[in-house]
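**Q** Dropping in coords_24.cif, which is mmCIF, C-alpha atoms:
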data_protein
#
loop_
_atom_site.label_atom_id
_atom_site.label_comp_id
_atom_site.auth_asym_id
_atom_site.auth_seq_id
_atom_site.Cartn_x
_atom_site.Cartn_y
_atom_site.Cartn_z
CA MET A 1 -28.05 39.03 32.43
CA ARG A 2 -31.46 39.60 30.98
CA LYS A 3 -30.23 38.65 27.57
CA LEU A 4 -28.80 35.42 28.97
CA LYS A 5 -32.15 34.54 30.53
CA ILE A 6 -33.86 35.08 27.21
CA ILE A 7 -31.36 32.78 25.53
CA LYS A 8 -31.89 30.14 28.22
CA ASN A 9 -35.60 30.25 27.68
CA ILE A 10 -35.32 29.45 24.03
CA LYS A 11 -36.25 25.79 23.62
CA VAL A 12 -34.27 24.05 21.00
CA LYS A 13 -36.62 21.70 19.27
CA LYS A 14 -35.62 18.15 18.55
CA SER A 15 -35.86 18.67 14.80
CA SER A 16 -33.54 21.68 14.82
CA LYS A 17 -31.06 19.79 17.02
CA PHE A 18 -31.18 16.91 14.62
CA LEU A 19 -30.74 19.22 11.65
CA ILE A 20 -27.66 20.81 13.22
CA LEU A 21 -26.18 17.41 14.00
CA LEU A 22 -27.01 16.17 10.52
CA LEU A 23 -25.26 19.14 8.89
CA ALA A 24 -22.27 18.70 11.20
CA SER A 25 -22.22 15.00 10.35
CA ILE A 26 -22.26 15.70 6.61
CA LEU A 27 -19.42 18.18 7.07
CA VAL A 28 -17.29 15.84 9.18
CA GLY A 29 -18.07 12.84 6.96
CA THR A 30 -17.12 14.75 3.80
CA ALA A 31 -13.90 16.06 5.36
CA ASN A 32 -12.99 12.54 6.52
CA ALA A 33 -13.68 11.11 3.08
CA ALA A 34 -11.60 13.85 1.41
CA ILE A 35 -8.65 13.20 3.72
CA PHE A 36 -8.93 9.45 3.17
CA TYR A 37 -9.13 9.97 -0.60
CA SER A 38 -6.00 12.12 -0.52
CA LEU A 39 -4.28 9.35 1.45
CA THR A 40 -5.18 6.78 -1.16
CA MET A 41 -3.85 9.10 -3.87
CA GLN A 42 -0.55 9.69 -2.06
CA PRO A 43 2.09 7.59 -3.74
CA GLN A 44 5.00 6.38 -1.70
CA VAL A 45 8.26 5.74 -3.49
CA THR A 46 10.74 3.74 -1.46
CA VAL A 47 14.35 3.43 -2.49
CA SER A 48 15.23 -0.25 -2.57
CA THR A 49 17.70 -2.67 -4.08
CA PRO A 50 16.84 -3.64 -7.66
CA ILE A 51 15.54 -7.16 -8.02
CA ILE A 52 17.70 -7.76 -11.08
CA LYS A 53 21.12 -6.32 -10.44
CA PHE A 54 24.61 -6.30 -11.84
CA SER A 55 27.62 -7.77 -10.13
CA GLN A 56 31.25 -8.18 -11.00
CA ALA A 57 32.10 -11.38 -12.92
CA PRO A 58 35.48 -13.20 -13.10
CA ASP A 59 36.46 -11.64 -16.45
CA HIS A 60 35.38 -8.15 -15.51
CA PRO A 61 37.24 -5.76 -17.84
CA GLY A 62 37.44 -2.96 -15.28
CA GLY A 63 35.28 -0.01 -14.38
CA THR A 64 32.55 0.47 -11.82
CA VAL A 65 29.76 -1.98 -11.08
CA SER A 66 26.90 -1.15 -8.74
CA ASP A 67 23.51 -2.81 -8.30
CA ALA A 68 21.57 -0.75 -10.81
CA TRP A 69 24.25 0.49 -13.22
CA CYS A 70 27.75 -0.30 -14.40
CA CYS A 71 30.53 1.21 -16.47
CA LEU A 72 32.83 -1.26 -18.21
CA THR A 73 36.18 -0.07 -19.54
CA ALA A 74 37.02 -2.77 -22.06
CA LYS A 75 39.89 -2.96 -24.52
CA SER A 76 39.98 -3.77 -28.19
CA TYR A 77 42.98 -5.19 -30.06
CA PRO A 78 43.82 -4.56 -33.73
CA ASN A 79 43.21 -7.59 -35.88
CA ALA A 80 42.36 -9.85 -32.93
CA THR A 81 39.14 -10.69 -31.20
CA LEU A 82 39.25 -10.01 -27.48
CA THR A 83 36.65 -11.92 -25.49
CA TYR A 84 35.64 -11.23 -21.90
CA GLU A 85 33.87 -14.53 -21.30
CA LYS A 86 32.10 -13.42 -18.14
CA ALA A 87 32.30 -9.64 -18.23
CA LEU A 88 29.31 -8.97 -16.01
CA TYR A 89 26.81 -10.99 -14.01
CA ILE A 90 23.08 -10.30 -14.17
CA ASN A 91 21.49 -11.61 -10.97
CA ASN A 92 17.81 -12.16 -10.37
CA THR A 93 17.62 -11.75 -6.60
CA ASP A 94 13.86 -12.29 -6.46
CA ASP A 95 12.14 -15.60 -5.74
CA THR A 96 10.12 -15.34 -8.95
CA ALA A 97 11.23 -15.18 -12.58
CA HIS A 98 11.54 -11.79 -14.29
CA SER A 99 11.91 -10.83 -17.94
CA PHE A 100 14.57 -8.45 -19.15
CA MET A 101 16.08 -7.21 -22.39
CA LEU A 102 19.08 -5.25 -23.61
CA ARG A 103 18.32 -1.93 -25.28
CA TYR A 104 20.70 0.36 -27.11
CA VAL A 105 20.75 3.95 -25.83
CA SER A 106 23.73 5.77 -27.35
CA ILE A 107 27.20 5.33 -28.87
CA THR A 108 30.20 7.56 -29.54
CA PRO A 109 32.03 8.21 -31.85
CA ALA A 110 28.94 9.19 -33.75
CA ASN A 111 27.86 7.66 -37.03
CA GLY A 112 29.63 9.11 -40.08
CA THR A 113 32.79 10.17 -38.26
CA ALA A 114 36.15 8.71 -39.27
CA ASP A 115 36.83 7.37 -35.75
CA VAL A 116 34.11 4.75 -36.15
CA ALA A 117 36.46 2.85 -38.50
CA ASN A 118 38.69 2.02 -35.50
CA TRP A 119 36.41 -0.92 -34.65
CA ASN A 120 35.12 -3.90 -36.55
CA SER A 121 32.65 -5.07 -33.94
CA ILE A 122 31.63 -4.81 -30.30
CA LYS A 123 29.26 -7.55 -29.20
CA PHE A 124 27.29 -8.00 -25.98
CA LEU A 125 26.10 -11.58 -25.69
CA VAL A 126 23.83 -12.73 -22.88
CA CYS A 127 24.60 -16.28 -21.77
CA ASN A 128 23.47 -18.69 -19.10
CA SER A 129 24.53 -22.16 -18.02
CA SER A 130 22.75 -23.63 -21.08
CA GLY A 131 24.66 -21.36 -23.48
CA TYR A 132 23.87 -18.34 -25.62
CA VAL A 133 20.59 -16.51 -25.01
CA CYS A 134 20.64 -13.29 -27.04
CA SER A 135 22.97 -10.51 -28.12
CA LEU A 136 23.24 -6.84 -28.98
CA ASN A 137 25.92 -6.38 -31.62
CA PHE A 138 27.58 -3.25 -32.92
CA THR A 139 29.40 -3.90 -36.23
CA VAL A 140 31.04 -1.28 -38.45
CA SER A 141 30.41 -0.78 -42.13
CA SER A 142 32.70 1.99 -43.46
CA ASN A 143 32.10 4.79 -40.94
CA TYR A 144 28.73 3.62 -39.71
CA TRP A 145 27.63 1.52 -36.76
CA MET A 146 25.26 -1.28 -37.72
CA LEU A 147 23.04 -2.52 -34.91
CA ALA A 148 21.83 -6.10 -34.62
CA PRO A 149 18.98 -6.59 -33.91
CA SER A 150 18.22 -3.65 -36.14
CA GLY A 151 15.56 -2.32 -33.72
CA GLY A 152 18.29 -1.66 -31.19
CA GLN A 153 16.86 -4.02 -28.61
CA THR A 154 16.64 -7.74 -27.94
CA ASN A 155 13.47 -9.64 -27.16
CA TYR A 156 12.46 -10.13 -23.54
CA TYR A 157 14.01 -13.18 -21.91
CA SER A 158 12.89 -14.65 -18.62
CA ILE A 159 15.59 -15.08 -16.03
CA PRO A 160 14.49 -17.67 -13.45
CA ALA A 161 14.19 -17.07 -9.73
CA SER A 162 17.62 -16.57 -8.14
CA GLY A 163 19.14 -17.13 -11.60
CA VAL A 164 22.56 -15.79 -12.53
CA TRP A 165 23.24 -15.01 -16.18
CA TRP A 166 26.20 -13.19 -17.60
CA ILE A 167 27.25 -10.92 -20.44
CA ARG A 168 30.05 -12.01 -22.75
CA LEU A 169 31.80 -9.05 -24.33
CA GLU A 170 33.63 -9.46 -27.64
CA THR A 171 35.65 -6.66 -29.25
CA LEU A 172 37.55 -6.54 -32.53
CA SER A 173 39.42 -3.70 -34.22
CA PRO A 174 40.95 -3.55 -37.73
CA ALA A 175 44.70 -3.69 -38.23
CA THR A 176 44.67 0.01 -39.10
CA ALA A 177 43.04 1.08 -35.80
CA THR A 178 44.51 4.07 -33.97
CA LYS A 179 45.75 3.31 -30.47
CA GLY A 180 44.00 5.19 -27.65
CA THR A 181 40.74 5.86 -29.46
CA VAL A 182 37.80 5.45 -27.10
CA CYS A 183 34.30 4.23 -27.84
CA ASN A 184 31.49 4.81 -25.32
CA ILE A 185 28.37 2.68 -25.51
CA GLN A 186 25.33 3.08 -23.31
CA ILE A 187 23.03 0.10 -23.00
CA ALA A 188 19.94 -0.18 -20.82
CA VAL A 189 18.75 -3.39 -19.22
CA ASP A 190 14.95 -3.18 -19.10
CA VAL A 191 13.38 -5.37 -16.44
CA GLN A 192 9.71 -6.24 -16.26
CA GLN A 193 8.64 -6.07 -12.62
CA MET B 1 -5.27 -1.73 -1.98
CA LEU B 2 -6.81 -1.28 1.44
CA LEU B 3 -5.32 1.37 3.70
CA PRO B 4 -5.46 0.88 7.49
CA GLU B 5 -6.99 4.39 7.67
CA LEU B 6 -10.18 2.82 6.32
CA PHE B 7 -10.85 1.61 9.87
CA ALA B 8 -10.61 5.18 11.20
CA LEU B 9 -12.96 6.38 8.46
CA LEU B 10 -15.40 3.58 9.25
CA SER B 11 -15.24 4.27 12.97
CA SER B 12 -15.69 8.02 12.49
CA ASP B 13 -18.80 7.32 10.42
CA LEU B 14 -20.02 5.00 13.18
CA PHE B 15 -19.72 7.84 15.69
CA LEU B 16 -21.67 10.14 13.35
CA LEU B 17 -24.37 7.48 13.04
CA LEU B 18 -24.48 7.08 16.82
CA SER B 19 -24.74 10.85 17.20
CA LEU B 20 -27.75 11.07 14.88
CA LEU B 21 -29.48 8.01 16.32
CA THR B 22 -29.01 9.12 19.94
CA CYS B 23 -30.38 12.52 18.92
CA LEU B 24 -33.46 10.86 17.46
CA LEU B 25 -33.87 8.83 20.67
CA GLU B 26 -32.92 11.76 22.90
CA GLU B 27 -35.50 11.03 25.58
CA ARG B 28 -33.71 7.73 26.31
CA PHE B 29 -30.17 9.15 26.51
CA PRO B 30 -28.47 11.88 28.53
CA LYS B 31 -28.56 15.18 26.59
CA PRO B 32 -24.83 15.58 25.87
CA VAL B 33 -24.47 12.10 24.29
CA PRO B 34 -25.11 13.13 20.62
CA TYR B 35 -22.60 15.96 20.95
CA ILE B 36 -19.99 13.71 22.57
CA TYR B 37 -20.30 11.36 19.60
CA GLN B 38 -19.88 14.29 17.22
CA ILE B 39 -16.66 15.21 19.05
CA ALA B 40 -15.51 11.57 18.81
CA ALA B 41 -16.14 11.71 15.04
CA ILE B 42 -14.16 14.97 14.78
CA MET B 43 -11.35 13.22 16.66
CA GLY B 44 -11.40 10.66 13.86
CA PHE B 45 -10.92 13.51 11.41
CA GLY B 46 -7.94 14.71 13.45
CA HIS B 47 -6.69 11.15 13.48
CA LEU B 48 -6.72 11.04 9.67
CA VAL B 49 -5.06 14.47 9.37
CA VAL B 50 -2.21 13.43 11.69
CA THR B 51 -1.79 10.19 9.74
CA LYS B 52 -1.58 12.14 6.50
CA MET B 53 1.04 14.50 7.92
CA PHE B 54 3.22 11.70 9.28
CA LEU B 55 2.53 9.06 6.66
CA THR B 56 6.22 8.54 5.91
CA VAL B 57 7.15 8.39 9.61
CA PHE B 58 4.56 5.86 10.82
CA ASP B 59 5.03 2.33 9.54
CA VAL B 60 2.11 0.20 8.35
CA ASP B 61 1.94 -1.91 11.53
CA LEU B 62 1.66 1.13 13.76
CA ARG B 63 -0.96 2.70 11.49
CA PHE B 64 -2.96 -0.50 11.50
CA TRP B 65 -2.98 -0.83 15.29
CA TYR B 66 -4.02 2.72 16.14
CA ASN B 67 -6.71 2.73 13.46
CA PHE B 68 -7.90 -0.67 14.60
CA PHE B 69 -8.03 0.61 18.19
CA TYR B 70 -10.19 3.54 17.11
CA LEU B 71 -12.49 1.15 15.26
CA ALA B 72 -12.67 -1.09 18.33
CA VAL B 73 -13.67 1.95 20.43
CA GLY B 74 -16.39 2.80 17.88
CA LEU B 75 -17.74 -0.74 17.90
CA ALA B 76 -17.61 -0.87 21.70
CA ASN B 77 -19.79 2.24 21.77
CA VAL B 78 -22.30 0.69 19.40
CA VAL B 79 -22.52 -2.39 21.64
CA ALA B 80 -22.58 -0.23 24.77
CA VAL B 81 -25.55 1.76 23.49
CA ASN B 82 -27.25 -1.53 22.67
CA LEU B 83 -26.66 -2.80 26.20
CA TYR B 84 -27.71 0.54 27.69
CA LEU B 85 -31.05 0.32 25.90
CA ALA B 86 -31.54 -3.28 26.95
CA VAL B 87 -30.24 -3.34 30.52
CA SER B 88 -30.50 0.17 31.86
CA LYS B 89 -33.59 1.40 30.03
CA LYS B 90 -35.28 -2.02 29.77
CA THR B 91 -36.49 -1.20 26.28
CA TRP B 92 -36.20 -4.71 24.92
CA LEU B 93 -37.91 -4.10 21.62
CA LEU B 94 -35.74 -1.10 20.83
CA ALA B 95 -32.64 -3.02 21.90
CA LYS B 96 -33.58 -5.87 19.55
CA VAL B 97 -34.15 -3.47 16.68
CA TRP B 98 -30.84 -1.73 17.46
CA SER B 99 -29.06 -5.06 17.59
CA ALA B 100 -30.41 -6.13 14.21
CA SER B 101 -30.11 -2.82 12.38
CA VAL B 102 -26.97 -1.26 13.89
CA THR B 103 -24.87 -3.61 16.00
CA PHE B 104 -24.93 -6.66 13.76
CA PRO B 105 -24.25 -4.85 10.42
CA THR B 106 -21.46 -2.69 11.86
CA VAL B 107 -19.71 -5.60 13.58
CA PHE B 108 -20.11 -7.73 10.46
CA ILE B 109 -18.77 -5.03 8.11
CA SER B 110 -15.85 -4.34 10.44
CA ILE B 111 -14.91 -8.03 10.59
CA PHE B 112 -15.14 -8.19 6.81
CA PHE B 113 -12.79 -5.23 6.32
CA VAL B 114 -10.29 -6.37 8.93
CA TYR B 115 -10.09 -9.84 7.39
CA ASN B 116 -9.83 -8.37 3.90
CA TYR B 117 -7.03 -6.13 5.05
CA GLY B 118 -5.19 -9.04 6.60
CA SER B 119 -5.46 -11.27 3.55
CA LEU B 120 -4.97 -8.66 0.79
CA GLN B 121 -2.12 -6.70 2.31
CA GLY B 122 -0.04 -9.67 3.34
CA ALA B 123 0.31 -7.73 6.54
CA THR B 124 3.13 -8.48 8.94
CA PHE B 125 1.08 -7.86 12.09
CA PRO B 126 0.24 -10.98 14.12
CA LEU B 127 -3.04 -12.05 12.56
CA LEU B 128 -3.64 -14.49 15.39
CA THR B 129 -4.19 -11.58 17.78
CA VAL B 130 -6.74 -10.03 15.44
CA ASP B 131 -8.40 -13.41 15.04
CA LEU B 132 -8.70 -13.80 18.80
CA ILE B 133 -10.07 -10.27 19.26
CA LEU B 134 -12.64 -10.78 16.52
CA ILE B 135 -13.65 -14.24 17.75
CA LEU B 136 -14.06 -12.81 21.25
CA SER B 137 -16.15 -9.93 19.85
CA VAL B 138 -18.37 -12.35 17.96
CA VAL B 139 -18.82 -14.57 21.05
CA ILE B 140 -19.75 -11.58 23.23
CA PHE B 141 -22.03 -10.33 20.50
CA GLY B 142 -23.71 -13.74 20.22
CA ILE B 143 -24.28 -13.94 23.99
CA THR B 144 -25.69 -10.41 23.96
CA VAL B 145 -28.12 -11.23 21.17
CA ALA B 146 -29.18 -14.45 22.91
CA VAL B 147 -29.82 -12.61 26.16
CA LEU B 148 -31.67 -9.83 24.37
CA LEU B 149 -33.91 -12.24 22.51
CA SER B 150 -34.78 -14.17 25.66
CA PRO B 151 -34.07 -12.15 28.83
CA LYS B 152 -35.11 -15.12 30.99
CA LEU B 153 -32.02 -16.97 29.82
CA LEU B 154 -29.80 -15.06 32.26
CA LYS B 155 -32.06 -15.86 35.19
CA GLU B 156 -32.16 -19.54 34.22
CA LEU B 157 -28.37 -19.62 33.97
CA GLY B 158 -28.13 -17.89 37.35
CA ARG B 159 -30.34 -20.50 39.00
CA ARG B 160 -28.14 -23.33 37.70
#
As structure tokens, what does this structure read like?
**A**
Amino acid sequence: MRKLKIIKNIKVKKSSKFLILLLASILVGTANAAIFYSLTMQPQVTVSTPIIKFSQAPDHPGGTVSDAWCCLTAKSYPNATLTYEKALYINNTDDTAHSFMLRYVSITPANGTADVANWNSIKFLVCNSSGYVCSLNFTVSSNYWMLAPSGGQTNYYSIPASGVWWIRLETLSPATATKGTVCNIQIAVDVQQ
Amino acid sequence: MLLPELFALLSSDLFLLLSLLTCLLEERFPKPVPYIYQIAAIMGFGHLVVTKMFLTVFDVDLRFWYNFFYLAVGLANVVAVNLYLAVSKKTWLLAKVWSASVTFPTVFISIFFVYNYGSLQGATFPLLTVDLILILSVVIFGITVAVLLSPKLLKELGRR
């Protein structure tokens, strides 16, 4: 009890009160700022539908088509060019124009193997209502794939708002081609957001 | 990009400012006031922590409204202290100084940030409501300033 009385008698001066409050304020202010800073640095990644997406076209060769990726299972005939006029649609679902390009990723059979000679050419041509836009062509010279454009990618082309373009797929095999041989091509469609 | 949590940060800082100023003017305020404002500022900290923990759960509209509410409470306290000095304590000079150096800048900065948030974020909340709240705040603030600058104005209005 006596100790409590002594404590009660201690007069807290205004300056010391202010100092305590100032230190507490600095502490709280700094903590608040740190939390706010961590909030601003917290990225949020939301899964959403791609703005440029694939969809099945009338001459779809078969395979799976989803919004962001597709797998086409096309055929190739010996000594005859097979054309899928509208193999795949590329839809711009946004209300502003976006640029995109085709970019080569991989191909099998690999360069230098005898199986490569089972094809003369596989061409991916991008078209719109005005006609041809660009293409990514795979032609065969002996047992090697030759890419055109040589850089393995097209230029960027702007697809207008709500525009629908399509990919025309052309395949050709030599007369000596072996039936049942499969070629897998992976192409990326790069879209500028 | 402005986050709605900026309003909570701003309001928390307002409470800290009020705490320090009421401590400096302690003879004019009840003793616990500076500490109550400190607690209010710490509540702002808690506010931000909860927001951080549930950032993915709360949508932007909800975050805006509860942060805006906290800011409104902070601003109301600033104005209330101003009125307390003017009406209850009859310290007109101090109330005028407070009005010019605390109330006006804080209200002005808050309006600036809220408008910026509305225009930059393309927010989906009904801006009209915010407009009305801010216009009302400005009108009340204007009347307060007018009365503070000439206290006889109220009496004259009363006579009419």
**Q** Give as a ChimeraX atom specification the residues that the PyMOL selection byres ((chain A) within 9 of (chain B)) matches when applied to the coordinates above.
**A** /A:14-15,17-18,21-22,24-26,28-29,31-33,35-36,38-40,42,44
**Q** Using all atoms listed in the file, can you tell me which of A:Trp166, A:Tyr157, A:Tyr132, A:Trp119 comes closest to Trp145 in chain A?
**A** A:Trp119
**Q** For range 178-192 of chain A, list every protein, DNA or RNA residue within 8 Å, evaluated using all atoms listed in the file, and leave out those in the same chain fewer than 3 positions away; present the list as a VMD selection string.
**A** chain A and resid 52 98 to 109 115 118
**Q** Which protein, DNA or RNA residues have an atom at most 12 Å from (-11.9, -1.4, 17.7), counting all atoms listed in the file? List them as a PyMOL selection string.
**A** chain B and resi 7-8+10-12+14+64-79+106-107+110-111+114+130+133-134+137
**Q** Do you know which residues the PyMOL selection byres ((chain A and resi 175) around 9) returns on this file, as a PDB file with C-alpha atoms, in the coordinates of the input?
**A**
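Contents of the output file result08.pdb:
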ATOM      1  CA  TYR A  77      42.980  -5.190 -30.060  1.00  0.00           C
ATOM      2  CA  PRO A  78      43.820  -4.560 -33.730  1.00  0.00           C
ATOM      3  CA  ASN A  79      43.210  -7.590 -35.880  1.00  0.00           C
ATOM      4  CA  ALA A  80      42.360  -9.850 -32.930  1.00  0.00           C
ATOM      5  CA  ASN A 118      38.690   2.020 -35.500  1.00  0.00           C
ATOM      6  CA  SER A 173      39.420  -3.700 -34.220  1.00  0.00           C
ATOM      7  CA  PRO A 174      40.950  -3.550 -37.730  1.00  0.00           C
ATOM      8  CA  THR A 176      44.670   0.010 -39.100  1.00  0.00           C
ATOM      9  CA  ALA A 177      43.040   1.080 -35.800  1.00  0.00           C
ATOM     10  CA  THR A 178      44.510   4.070 -33.970  1.00  0.00           C
TER      11      THR A 178
END
**Q** For this structure, which residues satisfy the selection - the PyMOL selection byres ((chain A and resi 67) around 8) - when it is evaluated on the file as given? I want them as a ChimeraX atom specification.
**A** /A:49-50,53-55,65-66,68-70
**Q** Restricting the calculation to all atoms listed in the file, which member of A:Ile20, A:Val133, A:Ala74, A:Val45 is positioned closest to Ala87 in chain A?
**A**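 Looking at the shortest contact to Ala87 in chain A, the residue is A:Ala74.
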**Q** Pick out the residues sitting within 6 Å of Arg168 in chain A, and hand them over as a ChimeraX atom specification; count all atoms listed in the file, and ignore anything fewer than 2 positions along from it in its own chain.
**A** /A:84-87,124-125
**Q** Can those selected residues be exported to a file as a PDB file, in the coordinates of the input so that it contains C-alpha atoms?
**A**
ATOM      1  CA  TYR A  84      35.640 -11.230 -21.900  1.00  0.00           C
ATOM      2  CA  GLU A  85      33.870 -14.530 -21.300  1.00  0.00           C
ATOM      3  CA  LYS A  86      32.100 -13.420 -18.140  1.00  0.00           C
ATOM      4  CA  ALA A  87      32.300  -9.640 -18.230  1.00  0.00           C
ATOM      5  CA  PHE A 124      27.290  -8.000 -25.980  1.00  0.00           C
ATOM      6  CA  LEU A 125      26.100 -11.580 -25.690  1.00  0.00           C
TER       7      LEU A 125
END
**Q** Could you work out how far CA of Asp95 in chain A lies from CA of Val126 in chain A, giving the answer in Å with one decimal?
**A**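 Interatomic distance here is 20.9 Å.
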**Q** Could you please determine the separation between CA of Ser162 in chain A and CA of Leu72 in chain A in Å, to one decimal place?
**A**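 Separating CA of Ser162 in chain A from CA of Leu72 in chain A is a distance of 23.8 Å.
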**Q** Quick check, in Å to one decimal: how far apart do CA of Leu147 in chain A and CA of Gly112 in chain A lie?
**A**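 Between these atoms lies a distance of 14.3 Å.
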**Q** Which centre and edge lengths in Å to one decimal define the box along x, y and z that fits every listed atom of range 64-74 of chain B plus 6 Å per side, as AutoDock Vina command-line options?
**A**
--center_x -9.7 --center_y 1.2 --center_z 16.0 --size_x 25.4 --size_y 16.6 --size_z 20.9
**Q** Rank nothing, just name the residue among A:Ile90, A:Val116, A:Val140, A:Ile51 nearest to Gln193 in chain A, using all atoms listed in the file.
**A** A:Ile51
**Q** Could you check which of A:Ser141, A:Ser130, A:Leu88, A:Thr83 is closest to Ala117 in chain A, using all atoms listed in the file?
**A**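 The answer is A:Ser141, which sits nearest to Ala117 in chain A.
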**Q** Find, counting all atoms listed in the file, the residue in B:Phe141, B:Phe54, B:Tyr84, B:Tyr115 that gets nearest to Pro30 in chain B.
**A**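 Ranking B:Phe141, B:Phe54, B:Tyr84, B:Tyr115 by distance to Pro30 in chain B, first place goes to B:Tyr84.
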**Q** For range 75-81 of chain A, supply all heavy atoms and format the output as a PDB file, in the coordinates of the input.
**A**
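Output (selection09.pdb):
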ATOM      1  N   LYS A  75      38.884  -3.262 -23.507  1.00  0.00           N
ATOM      2  CA  LYS A  75      39.890  -2.960 -24.520  1.00  0.00           C
ATOM      3  C   LYS A  75      39.493  -3.598 -25.845  1.00  0.00           C
ATOM      4  O   LYS A  75      38.615  -4.465 -25.889  1.00  0.00           O
ATOM      5  CB  LYS A  75      41.250  -3.497 -24.087  1.00  0.00           C
ATOM      6  CG  LYS A  75      41.846  -2.766 -22.893  1.00  0.00           C
ATOM      7  CD  LYS A  75      43.110  -3.469 -22.450  1.00  0.00           C
ATOM      8  CE  LYS A  75      43.716  -2.754 -21.229  1.00  0.00           C
ATOM      9  NZ  LYS A  75      44.830  -3.524 -20.669  1.00  0.00           N
ATOM     10  N   SER A  76      40.177  -3.168 -26.885  1.00  0.00           N
ATOM     11  CA  SER A  76      39.980  -3.770 -28.190  1.00  0.00           C
ATOM     12  C   SER A  76      41.346  -3.852 -28.873  1.00  0.00           C
ATOM     13  O   SER A  76      42.103  -2.872 -28.848  1.00  0.00           O
ATOM     14  CB  SER A  76      39.009  -2.889 -29.003  1.00  0.00           C
ATOM     15  OG  SER A  76      38.889  -3.383 -30.303  1.00  0.00           O
ATOM     16  N   TYR A  77      41.670  -5.025 -29.428  1.00  0.00           N
ATOM     17  CA  TYR A  77      42.980  -5.190 -30.060  1.00  0.00           C
ATOM     18  C   TYR A  77      42.855  -5.151 -31.579  1.00  0.00           C
ATOM     19  O   TYR A  77      41.897  -5.716 -32.130  1.00  0.00           O
ATOM     20  CB  TYR A  77      43.609  -6.527 -29.643  1.00  0.00           C
ATOM     21  CG  TYR A  77      43.914  -6.621 -28.152  1.00  0.00           C
ATOM     22  CD1 TYR A  77      43.784  -7.835 -27.479  1.00  0.00           C
ATOM     23  CD2 TYR A  77      44.357  -5.519 -27.439  1.00  0.00           C
ATOM     24  CE1 TYR A  77      44.076  -7.944 -26.134  1.00  0.00           C
ATOM     25  CE2 TYR A  77      44.647  -5.615 -26.083  1.00  0.00           C
ATOM     26  CZ  TYR A  77      44.492  -6.822 -25.438  1.00  0.00           C
ATOM     27  OH  TYR A  77      44.770  -6.926 -24.113  1.00  0.00           O
ATOM     28  N   PRO A  78      43.847  -4.550 -32.256  1.00  0.00           N
ATOM     29  CA  PRO A  78      43.820  -4.560 -33.730  1.00  0.00           C
ATOM     30  C   PRO A  78      43.997  -5.974 -34.267  1.00  0.00           C
ATOM     31  O   PRO A  78      44.887  -6.699 -33.811  1.00  0.00           O
ATOM     32  CB  PRO A  78      45.003  -3.678 -34.135  1.00  0.00           C
ATOM     33  CG  PRO A  78      45.380  -2.911 -32.912  1.00  0.00           C
ATOM     34  CD  PRO A  78      45.000  -3.764 -31.758  1.00  0.00           C
ATOM     35  N   ASN A  79      43.131  -6.328 -35.153  1.00  0.00           N
ATOM     36  CA  ASN A  79      43.210  -7.590 -35.880  1.00  0.00           C
ATOM     37  C   ASN A  79      43.100  -8.828 -34.987  1.00  0.00           C
ATOM     38  O   ASN A  79      43.569  -9.898 -35.366  1.00  0.00           O
ATOM     39  CB  ASN A  79      44.541  -7.653 -36.664  1.00  0.00           C
ATOM     40  CG  ASN A  79      44.312  -8.187 -38.064  1.00  0.00           C
ATOM     41  OD1 ASN A  79      43.171  -8.289 -38.514  1.00  0.00           O
ATOM     42  ND2 ASN A  79      45.389  -8.526 -38.768  1.00  0.00           N
ATOM     43  N   ALA A  80      42.534  -8.681 -33.814  1.00  0.00           N
ATOM     44  CA  ALA A  80      42.360  -9.850 -32.930  1.00  0.00           C
ATOM     45  C   ALA A  80      41.099  -9.669 -32.113  1.00  0.00           C
ATOM     46  O   ALA A  80      40.815  -8.564 -31.634  1.00  0.00           O
ATOM     47  CB  ALA A  80      43.556  -9.968 -31.995  1.00  0.00           C
ATOM     48  N   THR A  81      40.380 -10.766 -31.992  1.00  0.00           N
ATOM     49  CA  THR A  81      39.140 -10.690 -31.200  1.00  0.00           C
ATOM     50  C   THR A  81      39.483 -10.872 -29.724  1.00  0.00           C
ATOM     51  O   THR A  81      40.157 -11.834 -29.365  1.00  0.00           O
ATOM     52  CB  THR A  81      38.153 -11.782 -31.640  1.00  0.00           C
ATOM     53  OG1 THR A  81      37.867 -11.601 -33.019  1.00  0.00           O
ATOM     54  CG2 THR A  81      36.854 -11.711 -30.843  1.00  0.00           C
TER      55      THR A  81
END
